[in-house]
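*Asks:* Just structure_38.cif, nothing more (mmCIF, C-alpha atoms):
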```cif
data_target
#
loop_
_atom_site.label_atom_id
_atom_site.label_comp_id
_atom_site.auth_asym_id
_atom_site.auth_seq_id
_atom_site.Cartn_x
_atom_site.Cartn_y
_atom_site.Cartn_z
CA MET A 1 -16.93 -8.97 7.03
CA LEU A 2 -15.20 -9.17 3.63
CA ALA A 3 -18.05 -11.32 2.28
CA ALA A 4 -20.59 -8.84 3.64
CA ALA A 5 -18.70 -5.99 2.00
CA THR A 6 -18.47 -7.60 -1.43
CA ARG A 7 -21.74 -9.50 -1.83
CA TRP A 8 -23.57 -6.48 -3.26
CA MET A 9 -20.89 -5.70 -5.83
CA PRO A 10 -21.11 -6.84 -9.51
CA ARG A 11 -20.52 -10.53 -10.16
CA GLY A 12 -18.58 -11.94 -13.07
CA ARG A 13 -15.10 -12.97 -14.11
CA PHE A 14 -13.40 -9.80 -12.94
CA ALA A 15 -15.21 -9.75 -9.59
CA ARG A 16 -14.31 -13.40 -9.04
CA ASN A 17 -10.65 -12.63 -9.76
CA VAL A 18 -10.77 -9.81 -7.23
CA SER A 19 -12.36 -12.14 -4.69
CA ILE A 20 -9.59 -14.70 -5.20
CA VAL A 21 -6.82 -12.15 -4.66
CA ALA A 22 -8.67 -10.48 -1.78
CA GLY A 23 -9.29 -13.87 -0.18
CA GLY A 24 -5.61 -14.80 -0.34
CA THR A 25 -4.62 -11.40 1.00
CA ALA A 26 -7.24 -11.67 3.75
CA LEU A 27 -5.85 -15.03 4.90
CA ALA A 28 -2.32 -13.64 4.81
CA GLN A 29 -3.22 -10.55 6.84
CA ALA A 30 -5.37 -12.59 9.24
CA LEU A 31 -2.38 -14.82 9.91
CA GLY A 32 -0.27 -11.78 10.77
CA ILE A 33 -2.94 -10.30 13.03
CA VAL A 34 -3.56 -13.62 14.83
CA ALA A 35 0.18 -13.92 15.47
CA SER A 36 0.43 -10.36 16.79
CA PRO A 37 -0.42 -11.18 20.45
CA LEU A 38 2.41 -13.73 20.42
CA LEU A 39 4.84 -11.37 18.70
CA THR A 40 4.10 -8.53 21.13
CA ARG A 41 5.04 -10.80 24.03
CA ILE A 42 8.30 -11.85 22.36
CA TYR A 43 9.31 -8.43 21.03
CA ASN A 44 9.03 -5.06 22.77
CA PRO A 45 7.82 -1.71 21.32
CA VAL A 46 11.39 -0.67 20.44
CA ASP A 47 11.77 -3.80 18.28
CA PHE A 48 8.51 -3.05 16.49
CA GLY A 49 9.71 0.52 16.04
CA ALA A 50 12.81 -0.76 14.28
CA LEU A 51 10.59 -2.89 12.03
CA GLN A 52 8.43 0.14 11.20
CA VAL A 53 11.48 2.23 10.27
CA PHE A 54 12.78 -0.66 8.14
CA ILE A 55 9.44 -1.15 6.33
CA SER A 56 8.98 2.60 5.77
CA LEU A 57 12.45 2.93 4.25
CA LEU A 58 11.97 -0.23 2.22
CA SER A 59 8.62 0.85 0.79
CA LEU A 60 10.12 4.11 -0.51
CA VAL A 61 12.80 2.17 -2.40
CA VAL A 62 10.81 -0.82 -3.64
CA VAL A 63 8.07 1.30 -5.20
CA ALA A 64 10.69 2.86 -7.50
CA ALA A 65 13.10 -0.09 -7.76
CA SER A 66 12.15 -1.01 -11.33
CA GLY A 67 11.26 2.50 -12.51
CA ARG A 68 7.61 1.34 -12.54
CA TYR A 69 8.31 -0.69 -15.66
CA GLU A 70 6.57 -3.63 -13.97
CA THR A 71 3.20 -1.97 -14.62
CA ALA A 72 4.03 -1.90 -18.35
CA ILE A 73 4.21 -5.72 -18.39
CA LEU A 74 0.42 -5.72 -18.86
CA LEU A 75 0.52 -3.58 -22.03
CA PRO A 76 2.32 -5.36 -24.95
CA GLU A 77 0.11 -7.39 -27.28
CA ASP A 78 2.72 -10.09 -27.97
CA GLU A 79 4.21 -12.31 -25.29
CA GLN A 80 7.84 -11.79 -26.31
CA SER A 81 7.60 -8.04 -25.78
CA ALA A 82 5.99 -8.64 -22.39
CA ILE A 83 8.86 -10.98 -21.46
CA ASP A 84 11.32 -8.28 -22.55
CA VAL A 85 9.57 -5.70 -20.34
CA LEU A 86 9.68 -8.17 -17.46
CA ALA A 87 13.43 -8.56 -18.02
CA LEU A 88 13.77 -4.75 -18.15
CA SER A 89 11.92 -4.48 -14.85
CA LEU A 90 14.15 -7.10 -13.22
CA VAL A 91 17.29 -5.34 -14.47
CA GLY A 92 16.00 -2.17 -12.79
CA VAL A 93 15.43 -4.05 -9.53
CA CYS A 94 18.94 -5.53 -9.60
CA SER A 95 20.48 -2.12 -10.35
CA THR A 96 18.59 -0.49 -7.48
CA THR A 97 19.65 -3.31 -5.17
CA LEU A 98 23.29 -2.82 -6.15
CA VAL A 99 23.14 0.93 -5.47
CA CYS A 100 21.45 0.29 -2.11
CA ALA A 101 24.10 -2.31 -1.19
CA CYS A 102 26.84 0.24 -1.87
CA ILE A 103 25.10 2.77 0.40
CA VAL A 104 24.77 0.12 3.13
CA VAL A 105 28.47 -0.69 2.92
CA PHE A 106 29.33 3.01 3.11
CA CYS A 107 27.03 3.46 6.14
CA HIS A 108 28.91 0.68 7.89
CA PHE A 109 31.94 2.98 8.03
CA HIS A 110 30.33 6.44 7.83
CA TRP A 111 26.68 6.72 8.88
CA ILE A 112 24.97 9.19 6.53
CA LEU A 113 21.31 8.40 7.22
CA PRO A 114 19.11 10.39 9.68
CA SER A 115 19.61 9.64 13.37
CA GLY A 116 16.13 8.14 13.60
CA MET A 117 17.43 5.22 11.53
CA LEU A 118 20.33 4.45 13.87
CA VAL A 119 18.18 1.66 15.29
CA LEU A 120 18.97 -0.21 12.05
CA ARG A 121 22.74 -0.08 12.58
CA GLY A 122 23.95 -3.64 12.31
CA LEU A 123 20.71 -4.68 10.58
CA LEU A 124 20.84 -2.47 7.49
CA TRP A 125 22.40 -5.29 5.45
CA LEU A 126 18.91 -6.84 5.29
CA LEU A 127 17.65 -3.87 3.26
CA PRO A 128 19.23 -4.81 -0.11
CA ILE A 129 18.01 -8.40 0.35
CA SER A 130 14.47 -7.18 0.97
CA ILE A 131 14.62 -4.76 -1.97
CA LEU A 132 15.72 -7.57 -4.26
CA GLY A 133 13.06 -9.96 -2.95
CA GLY A 134 10.30 -7.37 -2.93
CA GLY A 135 11.20 -5.97 -6.34
CA ILE A 136 11.34 -9.38 -8.00
CA TYR A 137 8.02 -10.37 -6.44
CA GLN A 138 6.45 -7.10 -7.59
CA SER A 139 7.54 -7.71 -11.20
CA LEU A 140 6.54 -11.38 -11.27
CA ASN A 141 3.21 -10.48 -9.67
CA TYR A 142 2.39 -8.25 -12.64
CA TRP A 143 3.41 -11.07 -14.97
CA ALA A 144 0.95 -13.35 -13.16
CA MET A 145 -1.74 -10.68 -13.53
CA ARG A 146 -1.08 -10.62 -17.28
CA ARG A 147 -1.67 -14.37 -17.37
CA ASP A 148 -4.80 -14.06 -15.17
CA ASP A 149 -3.11 -16.39 -12.70
CA TYR A 150 -4.91 -14.94 -9.71
CA LYS A 151 -4.96 -18.19 -7.76
CA GLN A 152 -1.17 -18.23 -7.83
CA ILE A 153 -1.09 -14.63 -6.64
CA ALA A 154 -3.37 -15.50 -3.72
CA LYS A 155 -1.21 -18.52 -2.81
CA SER A 156 1.96 -16.43 -2.96
CA LYS A 157 0.58 -13.87 -0.53
CA PHE A 158 -0.28 -16.58 1.97
CA THR A 159 3.16 -18.17 1.49
CA GLN A 160 4.79 -14.82 2.22
CA ALA A 161 2.78 -14.31 5.40
CA ALA A 162 3.38 -17.86 6.64
CA ALA A 163 7.14 -17.61 6.09
CA GLN A 164 7.27 -14.18 7.73
CA VAL A 165 5.32 -15.16 10.86
CA THR A 166 7.05 -18.52 11.28
CA ILE A 167 10.53 -17.01 11.13
CA GLN A 168 9.63 -14.04 13.32
CA LEU A 169 8.26 -16.34 16.01
CA GLY A 170 11.06 -18.89 15.74
CA VAL A 171 13.97 -16.45 15.67
CA GLY A 172 12.34 -14.33 18.37
CA LEU A 173 12.35 -17.29 20.75
CA LEU A 174 16.06 -17.88 20.11
CA THR A 175 17.43 -14.32 20.08
CA HIS A 176 16.75 -10.88 21.50
CA GLY A 177 16.15 -7.62 19.69
CA ALA A 178 14.58 -6.65 16.37
CA PHE A 179 16.63 -9.08 14.26
CA GLY A 180 13.88 -11.72 14.20
CA LEU A 181 11.23 -9.24 13.03
CA LEU A 182 13.42 -7.88 10.23
CA VAL A 183 14.79 -11.20 9.00
CA GLY A 184 11.25 -12.61 8.99
CA ASP A 185 10.03 -9.67 6.93
CA SER A 186 12.89 -10.13 4.45
CA ALA A 187 12.30 -13.88 4.18
CA GLY A 188 8.59 -13.32 3.56
CA ARG A 189 9.28 -10.96 0.66
CA ILE A 190 11.67 -13.43 -0.94
CA SER A 191 9.49 -16.53 -0.47
CA GLY A 192 6.59 -15.32 -2.59
CA SER A 193 8.49 -15.35 -5.89
CA GLY A 194 9.40 -19.04 -6.11
CA ARG A 195 6.18 -20.30 -7.68
CA PHE A 196 6.09 -17.47 -10.22
CA ALA A 197 9.71 -18.06 -11.27
CA ARG A 198 9.18 -21.82 -11.60
CA ASP A 199 6.09 -21.41 -13.81
CA LEU A 200 7.79 -18.76 -15.92
CA ARG A 201 10.80 -20.95 -16.63
CA ARG A 202 8.64 -24.00 -17.35
CA ASP A 203 6.18 -22.29 -19.73
CA TYR A 204 8.34 -19.65 -21.39
CA SER A 205 11.86 -21.05 -21.50
CA GLY A 206 12.13 -20.43 -25.26
CA ARG A 207 11.03 -16.81 -24.98
CA LEU A 208 13.37 -16.25 -22.05
CA ARG A 209 16.28 -17.35 -24.23
CA ALA A 210 15.06 -14.95 -26.95
CA ILE A 211 15.47 -11.85 -24.75
CA ARG A 212 17.74 -9.29 -26.43
CA LEU A 213 19.19 -6.02 -25.10
CA ARG A 214 18.17 -4.23 -28.28
CA SER A 215 14.52 -5.14 -27.77
CA MET A 216 14.68 -4.20 -24.10
CA TRP A 217 16.11 -0.79 -25.00
CA LYS A 218 13.34 -0.13 -27.56
CA LEU A 219 10.68 -1.01 -25.01
CA ALA A 220 12.40 1.12 -22.35
CA VAL A 221 12.11 4.10 -24.70
CA ARG A 222 8.55 3.23 -25.68
CA TYR A 223 7.37 3.09 -22.07
CA ARG A 224 9.64 5.87 -20.78
CA GLU A 225 6.67 7.69 -19.21
CA TYR A 226 6.70 5.15 -16.40
CA PRO A 227 10.11 6.08 -14.90
CA LEU A 228 9.83 9.73 -15.96
CA VAL A 229 6.26 10.44 -14.80
CA SER A 230 4.43 7.56 -13.13
CA MET A 231 7.25 6.65 -10.76
CA TRP A 232 7.34 10.11 -9.19
CA GLY A 233 3.59 10.26 -8.65
CA THR A 234 3.65 6.82 -7.05
CA LEU A 235 6.63 7.80 -4.90
CA ILE A 236 4.81 10.89 -3.61
CA ASN A 237 1.75 8.78 -2.81
CA THR A 238 3.85 6.15 -1.01
CA SER A 239 5.75 8.84 0.91
CA GLY A 240 2.50 10.00 2.45
CA LEU A 241 2.16 6.54 4.04
CA ALA A 242 5.84 5.84 4.80
CA LEU A 243 7.00 9.14 6.29
CA PRO A 244 4.91 9.09 9.52
CA GLY A 245 6.94 6.15 10.84
CA LEU A 246 10.24 7.76 9.88
CA PHE A 247 9.36 11.15 11.38
CA LEU A 248 8.05 9.60 14.60
CA ALA A 249 11.34 7.70 14.95
CA GLN A 250 13.34 10.84 14.21
CA TYR A 251 11.51 13.10 16.67
CA TYR A 252 10.13 10.80 19.36
CA GLY A 253 12.15 7.57 19.25
CA THR A 254 11.60 3.99 18.18
CA ARG A 255 9.45 3.01 21.18
CA ASP A 256 6.72 5.47 20.16
CA THR A 257 7.14 4.34 16.56
CA GLY A 258 6.60 0.76 17.71
CA TRP A 259 3.27 1.65 19.28
CA PHE A 260 2.28 3.41 16.04
CA SER A 261 3.39 0.33 14.09
CA LEU A 262 1.09 -2.01 16.00
CA VAL A 263 -1.91 0.30 15.51
CA ASN A 264 -1.27 0.38 11.78
CA ARG A 265 -0.89 -3.41 11.73
CA VAL A 266 -4.16 -4.01 13.58
CA LEU A 267 -6.38 -1.23 12.19
CA GLY A 268 -4.83 0.10 9.00
CA VAL A 269 -4.07 -3.09 7.10
CA PRO A 270 -7.49 -4.80 7.46
CA ALA A 271 -9.30 -1.57 6.58
CA ALA A 272 -7.14 -1.10 3.48
CA LEU A 273 -7.66 -4.74 2.47
CA ILE A 274 -11.45 -4.57 2.49
CA GLY A 275 -11.45 -1.21 0.75
CA LEU A 276 -9.06 -2.40 -1.96
CA SER A 277 -11.09 -5.51 -2.75
CA ILE A 278 -14.19 -3.37 -3.31
CA ALA A 279 -12.23 -0.62 -5.10
CA GLN A 280 -11.07 -2.92 -7.89
CA VAL A 281 -14.67 -3.85 -8.70
CA TYR A 282 -15.87 -0.24 -8.36
CA ILE A 283 -13.21 0.99 -10.78
CA SER A 284 -14.31 -1.46 -13.48
CA GLU A 285 -17.83 0.01 -13.32
CA ALA A 286 -16.74 3.63 -12.85
CA ALA A 287 -14.46 3.61 -15.91
CA ARG A 288 -17.39 2.59 -18.12
CA LEU A 289 -20.07 4.74 -16.52
CA SER A 290 -17.94 7.90 -16.50
CA ARG A 291 -18.24 7.90 -20.30
CA THR A 292 -21.76 6.54 -20.75
CA ASP A 293 -23.87 7.27 -17.67
CA PRO A 294 -22.43 9.68 -15.06
CA ARG A 295 -25.71 9.72 -13.13
CA ARG A 296 -25.47 5.98 -12.62
CA LEU A 297 -21.85 6.51 -11.56
CA MET A 298 -23.04 8.98 -8.91
CA ASP A 299 -25.51 6.39 -7.63
CA ILE A 300 -22.77 3.74 -7.31
CA PHE A 301 -20.38 6.27 -5.76
CA LEU A 302 -22.87 7.23 -3.05
CA LYS A 303 -24.02 3.65 -2.50
CA THR A 304 -20.44 2.44 -2.10
CA THR A 305 -19.46 5.10 0.43
CA ARG A 306 -22.73 4.65 2.33
CA ARG A 307 -22.07 0.92 2.72
CA MET A 308 -18.52 1.55 3.86
CA LEU A 309 -19.80 4.13 6.36
CA TYR A 310 -22.15 1.55 7.91
CA LEU A 311 -19.53 -1.22 7.91
CA GLY A 312 -16.87 0.85 9.66
CA LEU A 313 -18.94 2.76 12.21
CA ALA A 314 -19.10 0.11 14.95
CA PRO A 315 -15.34 -0.74 14.90
CA CYS A 316 -14.51 2.97 14.89
CA LEU A 317 -16.63 3.65 17.97
CA LEU A 318 -15.34 0.50 19.68
CA PHE A 319 -11.69 1.50 19.30
CA THR A 320 -12.39 5.13 20.16
CA ILE A 321 -13.92 4.12 23.50
CA LEU A 322 -12.11 0.92 24.49
CA ALA A 323 -8.81 0.79 22.57
CA PRO A 324 -6.38 1.27 25.52
CA TRP A 325 -7.94 -1.57 27.52
CA LEU A 326 -8.30 -3.83 24.47
CA PHE A 327 -4.66 -3.37 23.48
CA GLN A 328 -3.46 -3.98 27.04
CA TRP A 329 -5.55 -7.14 27.36
CA ILE A 330 -4.74 -8.60 23.91
CA PHE A 331 -1.13 -7.53 23.38
CA GLY A 332 0.22 -7.08 26.90
CA HIS A 333 0.66 -4.30 29.44
CA SER A 334 3.50 -2.57 27.58
CA TRP A 335 1.19 -1.94 24.62
CA ARG A 336 -1.47 0.09 26.42
CA GLU A 337 -0.02 3.29 24.94
CA ALA A 338 -0.59 1.85 21.46
CA GLY A 339 -4.27 1.70 22.45
CA GLU A 340 -4.16 5.44 23.15
CA TYR A 341 -2.73 5.93 19.67
CA ALA A 342 -5.50 3.74 18.24
CA ARG A 343 -8.08 5.92 19.98
CA TYR A 344 -6.60 9.04 18.37
CA LEU A 345 -6.34 7.45 14.93
CA ALA A 346 -9.67 5.59 14.86
CA PHE A 347 -11.51 8.29 12.90
CA MET A 348 -8.61 8.62 10.47
CA PHE A 349 -8.78 4.91 9.65
CA TYR A 350 -12.57 5.20 9.46
CA ALA A 351 -12.36 8.06 6.95
CA SER A 352 -9.74 6.14 4.97
CA PHE A 353 -11.96 3.05 5.03
CA ILE A 354 -14.95 4.99 3.68
CA ASN A 355 -12.92 6.68 0.95
CA SER A 356 -10.72 3.75 -0.08
CA PRO A 357 -13.09 2.06 -2.59
CA VAL A 358 -13.66 5.31 -4.50
CA THR A 359 -10.15 6.71 -4.21
CA GLN A 360 -9.48 6.27 -7.95
CA THR A 361 -12.54 8.27 -9.01
CA LEU A 362 -10.50 11.37 -9.92
CA ASN A 363 -8.22 9.30 -12.16
CA VAL A 364 -11.23 7.64 -13.81
CA LEU A 365 -12.64 11.12 -14.49
CA GLU A 366 -9.24 12.08 -16.01
CA ARG A 367 -8.60 14.67 -13.29
CA GLN A 368 -5.05 13.53 -12.62
CA TRP A 369 -3.87 16.99 -11.68
CA ALA A 370 -6.47 17.17 -8.91
CA GLN A 371 -5.25 13.79 -7.64
CA PHE A 372 -1.63 14.94 -7.85
CA ALA A 373 -2.44 18.13 -5.91
CA TRP A 374 -4.14 16.04 -3.22
CA ASP A 375 -1.13 13.70 -2.97
CA ILE A 376 1.23 16.66 -2.56
CA SER A 377 -1.05 18.27 0.04
CA ARG A 378 -1.30 15.03 2.02
CA LEU A 379 2.46 14.63 2.00
CA ALA A 380 2.99 18.20 3.24
CA LEU A 381 0.35 17.85 5.98
CA THR A 382 1.85 14.52 7.08
CA VAL A 383 5.23 16.13 7.64
CA LEU A 384 3.81 19.24 9.34
CA ALA A 385 1.40 17.30 11.58
CA ILE A 386 4.28 15.39 13.18
CA ALA A 387 7.07 17.97 12.94
CA VAL A 388 5.20 21.04 14.27
CA PRO A 389 4.17 19.47 17.64
CA HIS A 390 7.80 18.42 18.09
CA TRP A 391 9.05 21.93 17.34
CA LEU A 392 6.50 23.33 19.85
CA GLY A 393 7.65 20.91 22.54
CA TYR A 394 4.63 18.61 22.64
CA GLY A 395 4.84 14.83 23.13
CA SER A 396 4.13 12.04 20.69
CA ARG A 397 0.43 11.75 21.63
CA ILE A 398 -0.22 15.27 20.36
CA ALA A 399 1.74 14.53 17.19
CA VAL A 400 -0.28 11.35 16.56
CA LEU A 401 -3.54 13.21 17.27
CA ALA A 402 -2.53 16.04 14.90
CA TYR A 403 -1.64 13.49 12.23
CA GLY A 404 -4.98 11.72 12.68
CA ILE A 405 -6.96 14.97 12.40
CA ALA A 406 -4.98 16.15 9.36
CA MET A 407 -5.45 12.86 7.50
CA THR A 408 -9.15 12.69 8.38
CA ILE A 409 -9.59 16.13 6.84
CA MET A 410 -7.60 15.11 3.76
CA TYR A 411 -9.73 12.00 3.17
CA CYS A 412 -12.88 14.12 3.49
CA VAL A 413 -11.42 16.61 0.99
CA HIS A 414 -10.66 13.78 -1.43
CA TRP A 415 -14.20 12.43 -1.20
CA THR A 416 -15.58 15.93 -1.81
CA GLN A 417 -13.32 16.37 -4.85
CA SER A 418 -14.58 13.08 -6.27
CA TYR A 419 -18.22 14.00 -5.60
CA PHE A 420 -18.03 17.35 -7.37
CA GLY A 421 -15.95 15.78 -10.15
CA ILE A 422 -18.84 13.43 -10.92
CA ARG A 423 -21.31 16.32 -10.66
CA ARG A 424 -19.23 18.22 -13.19
CA ARG A 425 -19.22 15.23 -15.56
CA MET A 426 -23.03 14.95 -15.18
CA LEU A 427 -23.41 18.63 -16.09
CA MET A 428 -21.14 18.28 -19.13
CA THR A 429 -23.12 15.24 -20.30
CA ASP A 430 -26.45 17.10 -19.90
CA ILE A 431 -25.11 20.07 -21.88
CA ALA A 432 -23.90 17.75 -24.65
CA LEU A 433 -27.33 16.04 -24.82
CA LEU A 434 -29.11 19.42 -24.97
CA GLY A 435 -26.79 20.48 -27.78
CA LYS A 436 -27.64 17.34 -29.77
CA ALA A 437 -31.37 17.86 -29.11
CA HIS A 438 -31.29 21.43 -30.49
CA ALA A 439 -29.09 20.47 -33.45
#
```
Go through the file and emit its structure as structure tokens.
*Replies:*
Amino acid sequence: MLAAATRWMPRGRFARNVSIVAGGTALAQALGIVASPLLTRIYNPVDFGALQVFISLLSLVVVAASGRYETAILLPEDEQSAIDVLALSLVGVCSTTLVCACIVVFCHFHWILPSGMLVLRGLLWLLPISILGGGIYQSLNYWAMRRDDYKQIAKSKFTQAAAQVTIQLGVGLLTHGAFGLLVGDSAGRISGSGRFARDLRRDYSGRLRAIRLRSMWKLAVRYREYPLVSMWGTLINTSGLALPGLFLAQYYGTRDTGWFSLVNRVLGVPAALIGLSIAQVYISEAARLSRTDPRRLMDIFLKTTRRMLYLGLAPCLLFTILAPWLFQWIFGHSWREAGEYARYLAFMFYASFINSPVTQTLNVLERQWAQFAWDISRLALTVLAIAVPHWLGYGSRIAVLAYGIAMTIMYCVHWTQSYFGIRRRMLMTDIALLGKAHA
């Protein structure tokens, strides 16, 4: 399916790099999905609910762990400055980990987190370890991108998935409860950084010794927009994806959250993977055409979404009609309810799948405020879609259905914003050409 989705996109060095990363990510995600029928027979929905709460909480911290300085690693022209930014990013990760560890120790004696996270009592000590592992990997991943070492990135993603699945299966056979799922997730995040760290020390040992606090401070000031501006926008965007799991656990319990977790694992991740692989190629074309040929950009925009619409239609209809029976047959009887959730969320994932390749169109058109307004609106609707049914006394199915409808609408709104944004750019270009013709 991934090959079918990408064969019509532009070829070249950049597209090949995207294919390498997407291929490694595809293998990693395929490994996790193939292992899911085994995991669902070792662990119950409550265990998966604990994993979902853990991952949701972790994602909110990791995305801001380095103050987004890791994205600035790509910017400096000289290698020493890039190494200094990498060191700055790692210092941020270590500081965030230390603060999180202090909170975990405090929670051991006085629980201050929401009651929906009580399922992590006794397991919360894994959170600082995962933040450290995930934050370091995130920073070193950007360093590998700077070096165009996409093969290493692809290998690291597969290494992470293999370590995660192996430990989750092995520990799950030896113990009971969510411990195996969480420790496997933590081990996977840590395992991906080894190759990057080894290559960095081998090839840049001299520059690593040349790191100075003074230089790091100058670069921290130079790229201060990342922690002051970019981090908050990214955190809002991530919250829109992380909060559903946390609110479901808070209002409906970890068993319902576990069913939601499996649906996201089976439907959400593959859809996002295919969309992302195409998105990176689309953006490279859109950035150029937005300045030179907006009409051609409109053609690519419509062609991309049309292809995604055709690719996703059959799976969407399949899960809408047969999901409960498919989930019961593949994952076990206790997961039939997850199939009901999949039925309610199928069109949401379909809309997300269609929109995902062109989701950066507003940023390419320099309409960041429109994107920011959409992110805020999605976050608010996410909270309301799950909280309001709870306040009105409805069960988790209604909350999941409301969430699916709200997000489907939001993805349609985003596509419409992008469409009219391109139309506006076309009109501005035509007016500019007419002005030159009359001059």
*Asks:* Name the residues that the PyMOL selection byres ((chain A and resi 238) around 12) pulls out of this structure, and write them as a list in words.
*Replies:*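 Applying the expression gives Ile55, Ser56, Leu57, Leu58, Ser59, Leu60, Val61, Val62, Val63, Ala64, Met231, Trp232, Gly233, Thr234, Leu235, Ile236, Asn237, Ser239, Gly240, Leu241, Ala242, Leu243, Pro244, Asp375, Ile376, Arg378, Leu379 and Thr382 of chain A.
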*Asks:* Report as a PyMOL selection string the full result of the PyMOL selection byres ((chain A and resi 37-49) around 9) when it is applied to this structure.
*Replies:* chain A and resi 33-36+50-54+119+165+168-169+172-173+176-181+245+249+253-262+330-332+334-335
*Asks:* Which residue is closest to Ala162 of chain A? Choose from A:Val99, A:Leu75, A:Leu27, A:Ala87 and count only C-alpha atoms.
*Replies:*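 That would be A:Leu27, the residue with the smallest distance to Ala162 of chain A.
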*Asks:* Just how far from atom CA of Ala351 of chain A is atom CA of Thr408 of chain A, in Å to one decimal?
*Replies:*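 Result for atom CA of Thr408 of chain A versus atom CA of Ala351 of chain A: 5.8 Å, one decimal.
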*Asks:* Excluding Ile354 of chain A and any residue of its chain fewer than 4 positions from it, enumerate the residues within 6 Å of it, using all atoms listed in the file, and give them as a list in words.
*Replies:*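 With the cut-off at 6 Å, the set is Thr305, Met308 and Leu309 of chain A.
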*Asks:* Here is a test: counting only C-alpha atoms, which residue of A:Cys316, A:Val413, A:Cys94, A:Leu326 is nearest to Glu340 of chain A?
*Replies:*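 That would be A:Leu326, the residue with the smallest distance to Glu340 of chain A.
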*Asks:* As an exercise, work out the distance from atom CA of Arg198 of chain A to atom CA of Ile131 of chain A in Å and give it to one decimal place.
*Replies:*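 If I compute the distance from atom CA of Arg198 of chain A to atom CA of Ile131 of chain A, I get 20.3 Å.
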*Asks:* What lies within 12 Å of Leu322 of chain A using only C-alpha atoms, ignoring chain neighbours under 4 positions off, as a list in words?
*Replies:*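 So, after excluding close chain neighbours, the residues are Ala314, Pro315, Cys316, Leu317, Leu318, Leu326, Phe327, Gln328, Trp329, Arg336, Ala338, Gly339, Glu340, Tyr341, Ala342, Arg343, Tyr344 and Ala346 of chain A.
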*Asks:* So which one's closest to Cys107 of chain A, A:Leu123, A:Leu246, A:Leu31, A:Leu289? Using only C-alpha atoms, please.
*Replies:* A:Leu123
*Asks:* Go ahead and compute the interatomic distance for atom CA of Phe420 of chain A and atom CA of Ala373 of chain A, in Å to one decimal.
*Replies:*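 Result for atom CA of Phe420 of chain A versus atom CA of Ala373 of chain A: 15.7 Å, one decimal.
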*Asks:* Just say which residues the PyMOL selection byres ((chain A and resi 135-144) around 9) picks in this file, as a PyMOL selection string.
*Replies:* chain A and resi 62-66+69-74+82-83+86+89-90+92-94+97+130-134+145-150+152-153+189-194+196-197+200
*Asks:* List the spatial neighbours of Pro389 of chain A as a PyMOL selection string - criterion: any atom at most 10 Å away, all atoms listed in the file, same-chain residues fewer than 4 positions off excluded.
*Replies:* chain A and resi 251+384-385+393-403
*Asks:* At a cut-off of 9 Å from (-11.7, 11.6, -9.0) in the coordinates of the file, what residues are picked up using only C-alpha atoms, written as a VMD selection string?
*Replies:* chain A and resid 358 to 368 370 to 371 414 to 415 417 to 422
*Asks:* Name all residues at most 12 Å from Ile112 of chain A (count all atoms listed in the file; drop same-chain ones fewer than 6 positions away) and give them as a ChimeraX atom specification.
*Replies:* /A:103-106,118,121
*Asks:* Considering only C-alpha atoms, state which residue in the set A:Ser352, A:Arg201, A:Arg424, A:Ser377 is at the smallest distance from Cys412 of chain A.
*Replies:*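 Among A:Ser352, A:Arg201, A:Arg424, A:Ser377, it is A:Ser352 that comes nearest to Cys412 of chain A.
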*Asks:* Using all atoms listed in the file, which of the listed residues (A:Gln29, A:Arg296, A:Leu88, A:Thr320) sits closest to Thr159 of chain A?
*Replies:* A:Gln29
*Asks:* Tell me which of A:Val266, A:Leu126, A:Ala161, A:Val85 sits closest to Ser215 of chain A, counting only C-alpha atoms.
*Replies:* A:Val85
*Asks:* To box segment 252-259 of chain A, take all atoms listed in the file, fit an axis-aligned box, add 5 Å on each side, and give centre and edge lengths in Å to one decimal, as AutoDock Vina command-line options.
*Replies:*
```
--center_x 7.7 --center_y 5.8 --center_z 18.9 --size_x 18.9 --size_y 20.0 --size_z 14.6
```
